[in-house]
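K.L.:
So that you have it, the file is start-v5.txt, and it contains compact mmCIF, C-alpha atoms (C1' of nucleotides):
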# COMPACT_ATOMS: atom_id res chain seq x y z
CA MET A 215 22.43 -23.85 100.69
CA SER A 216 22.77 -22.17 104.04
CA ASN A 217 20.50 -24.60 105.90
CA TYR A 218 23.19 -26.20 107.97
CA ASP A 219 24.51 -22.85 109.16
CA PRO A 220 24.45 -22.92 112.97
CA ASP A 221 24.22 -19.12 113.04
CA LEU A 222 20.89 -19.33 111.29
CA SER A 223 19.70 -21.90 113.81
CA ARG A 224 20.77 -19.66 116.68
CA LEU A 225 19.05 -16.71 115.04
CA PHE A 226 15.71 -18.45 114.52
CA HIS A 227 15.93 -20.02 117.94
CA ALA A 228 16.47 -16.60 119.51
CA LEU A 229 13.37 -15.33 117.71
CA ALA A 230 11.27 -18.31 118.83
CA ASP A 231 10.67 -16.99 122.35
CA PRO A 232 7.94 -14.40 123.01
CA THR A 233 9.89 -12.69 125.78
CA ARG A 234 12.87 -12.28 123.51
CA ARG A 235 10.72 -10.93 120.70
CA ALA A 236 9.18 -8.44 123.12
CA ILE A 237 12.65 -7.36 124.19
CA LEU A 238 13.70 -6.90 120.58
CA THR A 239 10.63 -4.81 119.80
CA ARG A 240 11.39 -2.68 122.82
CA LEU A 241 14.99 -2.23 121.71
CA ALA A 242 13.95 -1.46 118.16
CA LYS A 243 12.41 1.71 119.58
CA MET A 244 15.49 2.70 121.57
CA PRO A 245 18.35 1.25 123.63
CA ALA A 246 17.59 0.36 127.23
CA ARG A 247 19.12 -0.83 130.47
CA VAL A 248 18.72 -4.39 131.71
CA THR A 249 16.32 -3.39 134.49
CA ASP A 250 14.18 -1.40 132.07
CA LEU A 251 13.89 -4.47 129.88
CA ALA A 252 13.09 -6.74 132.80
CA GLY A 253 10.25 -4.55 134.10
CA PRO A 254 7.55 -5.23 131.47
CA THR A 255 8.32 -8.95 131.31
CA GLY A 256 7.40 -9.72 134.89
CA LEU A 257 10.42 -12.02 135.01
CA ARG A 258 13.33 -12.01 137.44
CA LEU A 259 16.56 -10.34 136.53
CA PRO A 260 18.62 -13.52 136.11
CA THR A 261 15.99 -14.87 133.74
CA VAL A 262 16.09 -11.72 131.65
CA MET A 263 19.89 -11.84 131.70
CA ARG A 264 19.70 -15.28 130.19
CA HIS A 265 17.40 -14.06 127.42
CA LEU A 266 19.73 -11.17 126.76
CA SER A 267 22.71 -13.46 126.43
CA VAL A 268 20.78 -15.65 123.97
CA LEU A 269 19.99 -12.53 121.96
CA GLU A 270 23.57 -11.35 122.14
CA GLU A 271 24.99 -14.71 121.07
CA ALA A 272 22.62 -14.65 118.13
CA GLY A 273 24.07 -11.23 117.29
CA LEU A 274 20.66 -9.58 117.57
CA ILE A 275 21.70 -7.15 120.28
CA ALA A 276 24.91 -5.55 121.46
CA THR A 277 25.54 -4.44 125.01
CA SER A 278 28.02 -2.20 126.74
CA LYS A 279 28.58 -1.38 130.34
CA ASP A 280 29.10 2.09 131.74
CA GLY A 281 29.60 2.15 135.49
CA ARG A 282 27.05 -0.26 136.90
CA ILE A 283 24.64 0.17 134.01
CA ARG A 284 24.55 -2.15 131.03
CA THR A 285 22.92 -0.67 127.97
CA CYS A 286 21.43 -2.96 125.34
CA ALA A 287 20.90 -1.96 121.72
CA ILE A 288 19.46 -3.74 118.74
CA VAL A 289 21.67 -4.77 115.80
CA PRO A 290 19.33 -4.35 112.83
CA GLU A 291 21.55 -6.12 110.28
CA ALA A 292 21.38 -9.26 112.39
CA PHE A 293 17.88 -9.91 111.08
CA ASP A 294 19.11 -10.07 107.49
CA PRO A 295 20.13 -13.75 107.34
CA ALA A 296 16.64 -14.75 108.47
CA ARG A 297 15.06 -12.56 105.85
CA THR A 298 17.46 -13.83 103.21
CA TRP A 299 16.68 -17.43 104.02
CA LEU A 300 12.95 -16.77 103.77
CA ASP A 301 13.54 -15.04 100.43
CA GLU A 302 15.50 -18.02 99.16
CA GLN A 303 12.73 -20.42 100.00
CA ARG A 304 10.22 -18.25 98.25
CA ALA A 305 12.47 -17.99 95.21
CA ILE A 306 12.77 -21.76 95.05
CA TRP A 307 9.06 -22.17 95.33
CA GLU A 308 8.36 -19.49 92.75
CA GLY A 309 10.94 -21.04 90.45
CA ARG A 310 8.85 -24.16 90.61
CA LEU A 311 5.78 -22.21 89.65
CA ASP A 312 7.68 -20.66 86.76
CA ARG A 313 8.61 -24.10 85.52
CA LEU A 314 4.98 -25.09 85.80
CA ASP A 315 4.00 -22.02 83.80
CA ALA A 316 6.51 -22.91 81.12
CA PHE A 317 5.09 -26.40 80.98
CA VAL A 318 1.55 -25.14 80.64
CA MET A 319 2.60 -22.75 77.90
CA ARG A 320 4.27 -25.55 76.00
CA VAL A 321 1.23 -27.76 76.23
CA MET A 322 -0.99 -24.93 75.03
CA LYS A 323 1.23 -24.32 72.02
CA GLU A 324 1.20 -27.98 71.17
CA ARG A 325 -2.57 -27.91 71.20
CA GLU A 326 -2.65 -25.10 68.68
CA GLU A 327 -0.86 -27.26 66.14
CA MET B 172 2.09 -6.33 118.77
CA SER B 173 2.10 -9.95 117.79
CA ASN B 174 5.04 -10.93 119.99
CA TYR B 175 3.10 -13.08 122.36
CA ASP B 176 1.51 -15.06 119.56
CA PRO B 177 2.31 -18.73 120.19
CA ASP B 178 1.93 -19.46 116.47
CA LEU B 179 4.86 -17.18 115.77
CA SER B 180 6.91 -18.98 118.40
CA ARG B 181 6.06 -22.33 116.86
CA LEU B 182 6.93 -21.01 113.43
CA PHE B 183 10.35 -19.65 114.41
CA HIS B 184 11.04 -22.72 116.48
CA ALA B 185 10.26 -24.95 113.50
CA LEU B 186 12.71 -22.92 111.41
CA ALA B 187 15.44 -23.13 114.05
CA ASP B 188 16.48 -26.67 113.19
CA PRO B 189 18.84 -27.37 110.26
CA THR B 190 17.20 -30.68 109.40
CA ARG B 191 13.81 -29.04 109.24
CA ARG B 192 15.15 -26.21 107.08
CA ALA B 193 16.69 -28.77 104.74
CA ILE B 194 13.35 -30.57 104.52
CA LEU B 195 11.58 -27.33 103.72
CA THR B 196 14.07 -26.47 101.00
CA ARG B 197 13.55 -29.90 99.54
CA LEU B 198 9.77 -29.49 99.63
CA ALA B 199 9.97 -26.03 98.14
CA LYS B 200 11.21 -27.75 94.98
CA MET B 201 8.45 -30.36 94.92
CA PRO B 202 6.31 -32.53 97.21
CA ALA B 203 7.88 -35.73 98.48
CA ARG B 204 7.19 -38.89 100.41
CA VAL B 205 8.40 -39.37 103.98
CA THR B 206 11.08 -41.87 102.98
CA ASP B 207 12.37 -39.55 100.25
CA LEU B 208 12.74 -36.81 102.83
CA ALA B 209 14.45 -39.10 105.32
CA GLY B 210 17.08 -40.32 102.87
CA PRO B 211 19.31 -37.22 102.60
CA THR B 212 19.13 -36.48 106.30
CA GLY B 213 20.85 -39.68 107.43
CA LEU B 214 18.32 -39.83 110.27
CA ARG B 215 15.98 -42.66 111.17
CA LEU B 216 12.39 -42.58 110.04
CA PRO B 217 10.81 -41.93 113.46
CA THR B 218 13.13 -38.98 113.92
CA VAL B 219 12.14 -37.55 110.56
CA MET B 220 8.49 -38.16 111.38
CA ARG B 221 8.94 -36.04 114.46
CA HIS B 222 10.44 -33.22 112.42
CA LEU B 223 7.59 -33.48 109.96
CA SER B 224 5.02 -33.21 112.71
CA VAL B 225 6.77 -30.13 114.08
CA LEU B 226 6.65 -28.62 110.60
CA GLU B 227 3.02 -29.58 110.18
CA GLU B 228 2.01 -28.15 113.55
CA ALA B 229 3.72 -24.93 112.59
CA GLY B 230 1.61 -24.97 109.43
CA LEU B 231 4.68 -25.01 107.21
CA ILE B 232 3.80 -28.25 105.47
CA ALA B 233 0.65 -30.20 104.72
CA THR B 234 0.53 -33.95 104.30
CA SER B 235 -1.91 -36.43 102.89
CA LYS B 236 -1.91 -40.16 102.76
CA ASP B 237 -2.72 -42.25 99.73
CA GLY B 238 -2.52 -45.96 100.40
CA ARG B 239 0.60 -46.48 102.43
CA ILE B 240 2.35 -43.40 101.10
CA ARG B 241 2.26 -40.05 102.85
CA THR B 242 3.02 -37.11 100.63
CA CYS B 243 4.34 -33.89 102.13
CA ALA B 244 4.00 -30.49 100.50
CA ILE B 245 5.13 -27.04 101.49
CA VAL B 246 2.61 -24.35 102.47
CA PRO B 247 4.23 -21.18 101.16
CA GLU B 248 1.90 -18.72 102.92
CA ALA B 249 2.96 -20.18 106.25
CA PHE B 250 6.21 -18.23 106.03
CA ASP B 251 4.36 -14.91 105.86
CA PRO B 252 3.94 -14.26 109.61
CA ALA B 253 7.70 -14.60 110.09
CA ARG B 254 8.35 -12.24 107.23
CA THR B 255 5.74 -9.82 108.54
CA TRP B 256 7.24 -9.82 112.02
CA LEU B 257 10.68 -9.08 110.62
CA ASP B 258 9.19 -6.27 108.54
CA GLU B 259 7.52 -4.80 111.61
CA GLN B 260 10.77 -4.73 113.54
CA ARG B 261 12.51 -3.04 110.67
CA ALA B 262 9.70 -0.50 110.39
CA ILE B 263 10.00 0.33 114.07
CA TRP B 264 13.73 0.72 113.81
CA GLU B 265 13.49 2.81 110.69
CA GLY B 266 10.82 4.95 112.32
CA ARG B 267 13.35 5.69 115.00
CA LEU B 268 15.89 6.70 112.40
CA ASP B 269 13.31 8.93 110.79
CA ARG B 270 12.66 10.67 114.08
CA LEU B 271 16.41 11.07 114.51
CA ASP B 272 16.61 12.59 111.04
CA ALA B 273 13.83 15.00 111.91
CA PHE B 274 15.64 15.95 115.08
CA VAL B 275 18.91 16.57 113.25
CA MET B 276 17.12 18.69 110.66
CA ARG B 277 15.52 20.81 113.37
CA VAL B 278 18.84 21.37 115.11
CA MET B 279 20.44 22.36 111.82
CA LYS B 280 17.69 24.87 111.14
CA GLU B 281 18.05 26.34 114.58
CA ARG B 282 21.76 26.81 113.97
CA GLU B 283 21.08 28.77 110.83
CA GLU B 284 19.19 31.37 112.80
C1' DG C 242 -1.40 -65.97 101.61
C1' DC C 243 3.15 -64.06 102.43
C1' DA C 244 6.72 -61.00 102.10
C1' DA C 245 8.28 -56.55 101.38
C1' DT C 246 7.29 -51.65 101.75
C1' DA C 247 5.98 -47.46 104.09
C1' DC C 248 4.99 -45.62 107.70
C1' DT C 249 3.54 -45.27 112.96
C1' DT C 250 3.61 -45.72 117.98
C1' DA C 251 5.82 -46.30 122.39
C1' DG C 252 9.26 -45.44 125.14
C1' DC C 253 14.17 -44.48 126.46
C1' DG C 254 18.23 -41.33 127.35
C1' DA C 255 21.17 -37.29 126.86
C1' DT C 256 21.09 -32.62 126.55
C1' DA C 257 19.02 -27.97 126.24
C1' DT C 258 15.74 -24.49 127.81
C1' DG C 259 13.26 -21.38 130.80
C1' DT C 260 12.35 -20.27 135.24
C1' DC C 261 13.50 -19.58 139.96
C1' DT C 262 16.15 -18.38 144.66
C1' DA C 263 20.14 -17.17 147.11
C1' DA C 264 24.25 -15.14 147.47
C1' DC C 265 27.77 -12.25 145.38
C1' DT C 266 30.28 -7.97 143.11
C1' DA C 267 30.66 -3.42 141.66
C1' DT C 268 29.25 1.43 141.56
C1' DG C 269 26.87 5.63 143.04
C1' DA C 270 24.80 8.58 146.61
C1' DT C 271 24.84 10.55 151.38
C1' DA D 59 31.86 4.36 155.69
C1' DT D 60 27.31 2.89 154.68
C1' DC D 61 23.67 1.85 152.09
C1' DA D 62 20.96 1.39 147.98
C1' DT D 63 21.17 0.30 143.11
C1' DA D 64 22.38 -2.51 139.04
C1' DG D 65 23.92 -6.33 137.59
C1' DT D 66 26.15 -11.07 137.98
C1' DT D 67 27.05 -15.96 139.24
C1' DA D 68 25.82 -20.46 140.90
C1' DG D 69 22.91 -23.90 141.26
C1' DA D 70 18.34 -26.23 141.37
C1' DC D 71 14.25 -27.81 139.01
C1' DA D 72 10.62 -28.99 135.60
C1' DT D 73 9.88 -29.51 131.04
C1' DA D 74 11.00 -29.81 126.16
C1' DT D 75 13.85 -31.38 122.37
C1' DC D 76 16.36 -34.51 119.47
C1' DG D 77 18.08 -38.62 118.63
C1' DC D 78 17.58 -43.71 119.07
C1' DT D 79 15.60 -48.86 119.08
C1' DA D 80 11.98 -52.06 119.05
C1' DA D 81 7.79 -53.39 117.89
C1' DG D 82 3.64 -52.32 115.92
C1' DT D 83 -0.09 -51.41 111.55
C1' DA D 84 -1.58 -50.97 106.94
C1' DT D 85 -0.77 -51.58 101.73
C1' DT D 86 1.06 -53.49 97.73
C1' DG D 87 3.31 -57.07 94.80
C1' DC D 88 4.14 -61.96 93.80
Step by step, read the file and then write its structure as structure tokens.

P.N.:
Amino acid sequence: MSNYDPDLSRLFHALADPTRRAILTRLAKMPARVTDLAGPTGLRLPTVMRHLSVLEEAGLIATSKDGRIRTCAIVPEAFDPARTWLDEQRAIWEGRLDRLDAFVMRVMKEREE
Amino acid sequence: MSNYDPDLSRLFHALADPTRRAILTRLAKMPARVTDLAGPTGLRLPTVMRHLSVLEEAGLIATSKDGRIRTCAIVPEAFDPARTWLDEQRAIWEGRLDRLDAFVMRVMKEREE
DNA sequence: GCAATACTTAGCGATATGTCTAACTATGAT
DNA sequence: ATCATAGTTAGACATATCGCTAAGTATTGC
């Protein structure tokens, strides 16, 4: 089970902040510069920088610098482990339902006899 | 856009802790008492209680008390908003790819002329 | 009744998080 | 060379988080 994976913790933690989610949504549309990202948030540049570094350490964005401009881009595959974990939980839960179904079926058959 | 939804923040935050994920995986298999959940974690009861209340406030689990025993159960639908948000991001990103595709197709057609 | 069981509450301490201001570096434009 | 732009670093501050111990309450079993 991947629960104790620190990457997964970092990923979910990165997604737990509204500003960071807004930045991701913005970047999902197209890459952007740091200042462009800061604008809509109403936050100061250093604050946004911090959010960006959280996102980058979680692998959710990649950045590169050209001259004095840093361009940020989303890394779509980075969302996969989160999705996979959610899928796993659902599978476990559904597996439990399946076992319940099997149980009910068995009881019903026994009744027929 | 649901980014500024505090529920979503609470949800992702609840999922960002390995102990809480382990608890959820355990509960996905079947409901359990508080002490049963605490056992595998190696953490003290009050600490586990805190995790449980974070999970409950995020809507991920529901608990009920019978006598002196509190039983915790998973709430599978509670994962949906996280899943939905991830889907939305993917849709936005894929929409961008689609537009890129369309652009490439147009350029190719223009070249043919 | 009394002891054991199963939480629950209160409060402490270390560390992490999210925000800011102030001062700095590097690059581009004139 | 000078100045504006774009980002960076350093440090402060309030609050939140995660773990703990110690001391409660409420139920159950003998």

K.L.:
Taking only C-alpha atoms (C1' of nucleotides) into account, which residues of chain A are within 12 Å of chain C, as a ChimeraX atom specification?

P.N.:
/A:227-228,230-234,256-265,268,279-283

K.L.:
Figure out the distance between atom CA of Lys243 of chain A and atom CA of Glu248 of chain B, please, to one decimal in Å.

P.N.:
28.4 Å

K.L.:
In Å, rounded to a single decimal, give me how far atom C1' of DT79 of chain D is from atom CA of Arg181 of chain B.

P.N.:
28.3 Å

K.L.:
Mind checking which residues fall within 12 Å of Asp251 of chain B, counting all atoms listed in the file, ignoring those fewer than 5 positions away in the same chain, and posting them as a ChimeraX atom specification?

P.N.:
/A:297,300-301,303-304 /B:178-179,182-183,230-231,246,256-258

K.L.:
Box for segment 250-259 of chain A - axis-aligned, 5 Å on each of the six sides, all listed atoms - centre and size in Å to one decimal, as lines of an AutoDock Vina configuration file.

P.N.:
center_x = 12.0
center_y = -6.7
center_z = 133.7
size_x = 19.2
size_y = 20.6
size_z = 17.6

K.L.:
Go through chain D and flag each residue having an atom no more than 9 Å from chain B; for those, report the closest pair of atoms plus their distance in Å to one decimal, using all atoms listed in the file, ordered by chain and rising number, as JSON lines.

P.N.:
{"residue": "D:DC76", "atom": "C1'", "partner": "B:Thr218", "partner_atom": "CA", "distance": 7.8}
{"residue": "D:DG77", "atom": "C1'", "partner": "B:Thr218", "partner_atom": "CA", "distance": 6.8}
{"residue": "D:DC78", "atom": "C1'", "partner": "B:Arg215", "partner_atom": "CA", "distance": 8.1}
{"residue": "D:DA84", "atom": "C1'", "partner": "B:Arg239", "partner_atom": "CA", "distance": 6.7}
{"residue": "D:DT85", "atom": "C1'", "partner": "B:Arg239", "partner_atom": "CA", "distance": 5.3}
{"residue": "D:DT86", "atom": "C1'", "partner": "B:Arg239", "partner_atom": "CA", "distance": 8.5}

K.L.:
Enter the distance from atom CA of Asn217 of chain A to atom CA of Asn174 of chain B, in Å, rounded to one decimal.

P.N.:
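Distance reported for this atom pair: 25.0 Å.
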
K.L.:
Under the rule that all atoms listed in the file are counted, which of A:Ala252, A:Ala242, A:Leu266, A:Ala296 is the nearest residue to chain B?

P.N.:
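Result for the nearest residue to chain B: A:Ala242.
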